[in-house]
Every structure is written in C-alpha cells, then in structure tokens.
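Report on the following structure.
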Amino acid sequence: MDPRPCLLVVEHQPDAPAGLLAGWADGRGLALHTARPGSGRLPADLSGYAAVAMLGSEETAFDDSVPWLAEELSLIARALADGVPLLGICFGGQLLARVLGARVYRLSQPEIGWVRVTSRHPGLASGPWLEWHRDGFELPPGAREVAAGGASLQAFATGPHLGVQFHPEATQPITEAWLRAADPPPGPVPAAGLSQGWDEAAGRVEADAATLFSAWLDGRFAAGAEPVTAQK
C-alpha cells in the first residue's frame, strides 16, 4: 500500500486524464487515486484523502439526467463539509460552483482556444490558458473572483477550494485527442491556433500549472475567503 498522502482524481472520460496534474502530484509526494463515476462508485469517505481534483467532461453540469451526477454533487458537498481541498477544472469547476449556489449556464458560443486571463492572485498566471468549454459559471455567494477574461468568469476561490474554467492539466497530446474526437470539429483555423499555441507555450504551461496547483494545495487562495456553505 502506497504510504504517501493521496490525491483523489475524478476522471470522467479517458481522453480527459490528469495530465500535468499527475506529474505535479508525484513531485509533491502525492499518490493518485483515480475514480471514474461512470464505471464505479465514488468514495463515500474522504478522510483518507489529502485533496480532491475533478476534471473535465463532455457532460453538462446542470443536466440532472446524467446518471452519476447526483453522486458527484454529493461528493463535492462532503469535501466542503469536511474541509478537504477541492480543485474543480472546467466541468469540475462548474459542479463546484453549482454546489456553492452559483448559476451554471450555456454560453452563446463555445470557447475553444488559448485565452489570456486577468488574474487577481499571484498564484494564477495570466496565461494564455487552454480553454475548451461550452458552459460557464457565475461567482458563487461568498467566493472571491480569482480570474476573468474571455467568454466568462475564469476562476474563483472559497476556503481551500478552487474552481477554474480553463484547463491547467492539459497537454498537447490531450488537446490533439480532443481535436480528433470533437463533434462537430472546431474547424481548421481554431485547430491551427490550438497547435500554434502549444508551439509557443514551450515550458511555460507546465510551470504555470505547477504554480497554480501548488498555490491551491498550499491554501494560498484561501486568504480572505468567506465561510463555505453548500447549497441544496
């Protein structure tokens, strides 16, 4: 049995794995436990986990017909109640916003590409960050805006929890997998822009992602946040 502290990663589909988050976690001495809500139950008890990260999904965070969604919303509520730091990425951030009482809504147009954000915290670089989403979230009650820009609010923090709309975990192979699976495809111009963005990013994306993940786990986004309350 791995004696290291454990990071629970909720993965919703094979082409949206932990990516850069996995390498960062290993460097921080964290063991990864990956749970897939579509193919098995999520942990009922979070006492054995140092933190939780919820990844992206093609599903919609306000579609209650998704068979595993209620269980995942309950997991978020447990993390909030128990004070287990939670990082929500894209779909995961939308679920966190929803549990905290914020509106999650469909954008007028999907946001796919590299977006520079206006950061309000030194732990979050201005990017550009990779975006791939069709829904957005509003600021939850009591939360602090951490970044904005592009089509919607980009990040918020409350207590030890952080929700981001962009994809700090993404790698170039992950992005290429999304391009191959996209239906409808984003078109040659956006596809070329995504590839060019990776060419220009070099090591910056990995460094910015590691800074963000560490600021989250170390509680540096928590300063000034209001008490956390899960909404029914």
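Chains: A, B, ... in order of the structure tokens. Residues: from 1 per chain. Ligands: from 1, in order shown.
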Next item on the list: Identify, with DSSP run on backbone atoms, the residues in stretch 35-212 of chain A assigned to alpha helix (DSSP H), and express the list as a ChimeraX atom specification.
Entry: /A:69-82,91-99,172-181,188-201,204-212
Next item on the list: Would you please give, as a ChimeraX atom specification, all residues of stretch 60-222 of chain A that DSSP assigns to strand (DSSP E or B) based on the backbone?
Entry: /A:86-89,104-115,118-119,129-137,144-149,152-158,161-164
Mind dumping the selected residues with C-alpha atoms as a PDB file, in the first residue's frame?
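For reference, part.pdb as written:
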ATOM      1  CA  LEU A  86     -11.075  20.581  -3.865  1.00  0.00           C
ATOM      2  CA  LEU A  87      -9.901  21.706  -7.308  1.00  0.00           C
ATOM      3  CA  GLY A  88     -12.605  21.817  -9.977  1.00  0.00           C
ATOM      4  CA  ILE A  89     -11.366  22.053 -13.572  1.00  0.00           C
ATOM      5  CA  VAL A 104     -24.111  27.453 -14.353  1.00  0.00           C
ATOM      6  CA  TYR A 105     -25.271  28.286 -17.868  1.00  0.00           C
ATOM      7  CA  ARG A 106     -24.767  27.659 -21.587  1.00  0.00           C
ATOM      8  CA  LEU A 107     -22.516  30.172 -23.370  1.00  0.00           C
ATOM      9  CA  SER A 108     -23.755  31.799 -26.566  1.00  0.00           C
ATOM     10  CA  GLN A 109     -20.737  30.235 -28.327  1.00  0.00           C
ATOM     11  CA  PRO A 110     -18.266  27.570 -27.155  1.00  0.00           C
ATOM     12  CA  GLU A 111     -14.912  28.922 -26.026  1.00  0.00           C
ATOM     13  CA  ILE A 112     -12.147  26.839 -27.602  1.00  0.00           C
ATOM     14  CA  GLY A 113      -8.590  28.127 -27.839  1.00  0.00           C
ATOM     15  CA  TRP A 114      -5.914  29.995 -25.892  1.00  0.00           C
ATOM     16  CA  VAL A 115      -7.193  32.798 -23.662  1.00  0.00           C
ATOM     17  CA  THR A 118      -6.947  38.874 -15.882  1.00  0.00           C
ATOM     18  CA  SER A 119      -5.545  37.288 -12.735  1.00  0.00           C
ATOM     19  CA  TRP A 129      -4.534  29.130 -20.780  1.00  0.00           C
ATOM     20  CA  LEU A 130      -6.192  26.449 -22.893  1.00  0.00           C
ATOM     21  CA  GLU A 131      -9.997  26.739 -22.981  1.00  0.00           C
ATOM     22  CA  TRP A 132     -12.447  24.094 -24.210  1.00  0.00           C
ATOM     23  CA  HIS A 133     -15.942  24.612 -22.840  1.00  0.00           C
ATOM     24  CA  ARG A 134     -19.496  25.459 -23.862  1.00  0.00           C
ATOM     25  CA  ASP A 135     -20.813  26.322 -20.383  1.00  0.00           C
ATOM     26  CA  GLY A 136     -19.809  28.938 -17.842  1.00  0.00           C
ATOM     27  CA  PHE A 137     -20.333  29.686 -14.154  1.00  0.00           C
ATOM     28  CA  ARG A 144     -13.747  35.554  -4.462  1.00  0.00           C
ATOM     29  CA  GLU A 145     -13.084  36.124  -8.130  1.00  0.00           C
ATOM     30  CA  VAL A 146      -9.576  34.911  -8.948  1.00  0.00           C
ATOM     31  CA  ALA A 147      -9.519  35.404 -12.722  1.00  0.00           C
ATOM     32  CA  ALA A 148     -11.760  36.699 -15.504  1.00  0.00           C
ATOM     33  CA  GLY A 149     -11.452  37.126 -19.252  1.00  0.00           C
ATOM     34  CA  SER A 152     -16.915  34.130 -18.771  1.00  0.00           C
ATOM     35  CA  LEU A 153     -15.599  34.215 -15.215  1.00  0.00           C
ATOM     36  CA  GLN A 154     -12.452  32.085 -15.286  1.00  0.00           C
ATOM     37  CA  ALA A 155     -11.672  31.208 -11.671  1.00  0.00           C
ATOM     38  CA  PHE A 156     -12.999  31.593  -8.125  1.00  0.00           C
ATOM     39  CA  ALA A 157     -11.849  30.539  -4.669  1.00  0.00           C
ATOM     40  CA  THR A 158     -13.621  29.901  -1.411  1.00  0.00           C
ATOM     41  CA  HIS A 161     -11.319  25.221  -2.759  1.00  0.00           C
ATOM     42  CA  LEU A 162     -10.644  26.498  -6.262  1.00  0.00           C
ATOM     43  CA  GLY A 163     -12.739  26.356  -9.418  1.00  0.00           C
ATOM     44  CA  VAL A 164     -11.221  27.172 -12.811  1.00  0.00           C
TER      45      VAL A 164
END
Notebook entry, point to check: Taking into account only C-alpha atoms, which residue in the set A:Ala79, A:Gly197, A:Ala61, A:Pro37 is nearest to A:Tyr49?
Noted result: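 With only C-alpha atoms as the atom set, the closest residue is A:Ala79.
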Output as JSON lines one row per residue of stretch 44-87 of chain A within 10 Å of stretch 212-225 of chain A: the closest atom pair and its distance in Å to one decimal place, counting only C-alpha atoms, sorted by chain and residue number ascending.
{"residue": "A:Ala50", "atom": "CA", "partner": "A:Leu217", "partner_atom": "CA", "distance": 8.9}
{"residue": "A:Ala51", "atom": "CA", "partner": "A:Leu217", "partner_atom": "CA", "distance": 7.5}
{"residue": "A:Val52", "atom": "CA", "partner": "A:Leu217", "partner_atom": "CA", "distance": 9.8}
{"residue": "A:Val84", "atom": "CA", "partner": "A:Leu217", "partner_atom": "CA", "distance": 10.0}
{"residue": "A:Pro85", "atom": "CA", "partner": "A:Leu217", "partner_atom": "CA", "distance": 6.8}
{"residue": "A:Leu86", "atom": "CA", "partner": "A:Trp216", "partner_atom": "CA", "distance": 8.5}
{"residue": "A:Leu87", "atom": "CA", "partner": "A:Trp216", "partner_atom": "CA", "distance": 7.5}
Output N, CA and C atoms for every residue in that selection, as a compact mmCIF listing (two decimals), in the first residue's frame.
# COMPACT_ATOMS: atom_id res chain seq x y z
N ALA A 50 -5.89 13.66 0.92
CA ALA A 50 -5.35 15.00 1.20
C ALA A 50 -6.09 16.07 0.43
N ALA A 51 -6.63 15.71 -0.74
CA ALA A 51 -7.30 16.68 -1.59
C ALA A 51 -8.05 15.93 -2.68
N VAL A 52 -8.91 16.67 -3.39
CA VAL A 52 -9.72 16.11 -4.47
C VAL A 52 -9.59 17.02 -5.68
N VAL A 84 -11.89 19.31 2.92
CA VAL A 84 -10.89 18.67 2.06
C VAL A 84 -10.70 19.56 0.83
N PRO A 85 -9.50 20.08 0.58
CA PRO A 85 -9.30 20.98 -0.55
C PRO A 85 -9.74 20.36 -1.86
N LEU A 86 -10.54 21.09 -2.61
CA LEU A 86 -11.08 20.58 -3.87
C LEU A 86 -10.71 21.53 -5.00
N LEU A 87 -10.20 20.97 -6.08
CA LEU A 87 -9.90 21.71 -7.31
C LEU A 87 -10.86 21.24 -8.39
Next item on the list: Determine the nearest neighbour of A:Ala44 from the options A:Ala201, A:Ile174, A:Leu75, A:Cys6, counting only C-alpha atoms.
Entry: A:Leu75
Checklist line | Contact residues around stretch 26-33 of chain A with only C-alpha atoms at 9 Å, ignoring same-chain residues under 4 positions, as a list of chain:residue names | finding: A:Asp2, A:Pro3, A:Arg4, A:Pro5, A:Cys6, A:Leu7, A:Leu8, A:Val9, A:Val10, A:Leu21, A:Ala22, A:Ala50, A:Ser214
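Excluding A:Ala18 itself and any same-chain residue fewer than 5 positions from it, the protein and nucleic acid residues within 8 Å of it, counting only C-alpha atoms, are Val9, Glu11, Leu55, Glu169 and Ala170 of chain A.
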Using C-alpha atoms, can you export the residues from the last selection as a PDB file, in the first residue's frame?
ATOM      1  CA  VAL A   9      -8.798  12.485  -9.082  1.00  0.00           C
ATOM      2  CA  GLU A  11     -11.884  11.400 -14.207  1.00  0.00           C
ATOM      3  CA  LEU A  55     -11.591  17.009 -14.210  1.00  0.00           C
ATOM      4  CA  GLU A 169      -3.888  19.989 -16.616  1.00  0.00           C
ATOM      5  CA  ALA A 170      -3.970  19.781 -20.414  1.00  0.00           C
TER       6      ALA A 170
END
Next item on the list: May I ask for the distance between atom CA of A:Ala192 and atom CA of A:Glu59, given in Å to one decimal place?
Entry: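 Computing it gives 25.3 Å between the two atoms.
Using only C-alpha atoms, the shortest contact distance between A:Trp198 and any of A:Glu176, A:Arg103, A:Asp183, A:Pro122 is found at A:Glu176.
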Next item on the list: Work out how far atom CA of A:Gln13 is from atom CA of A:Phe62, in Å to one decimal.
Entry: 17.9 Å
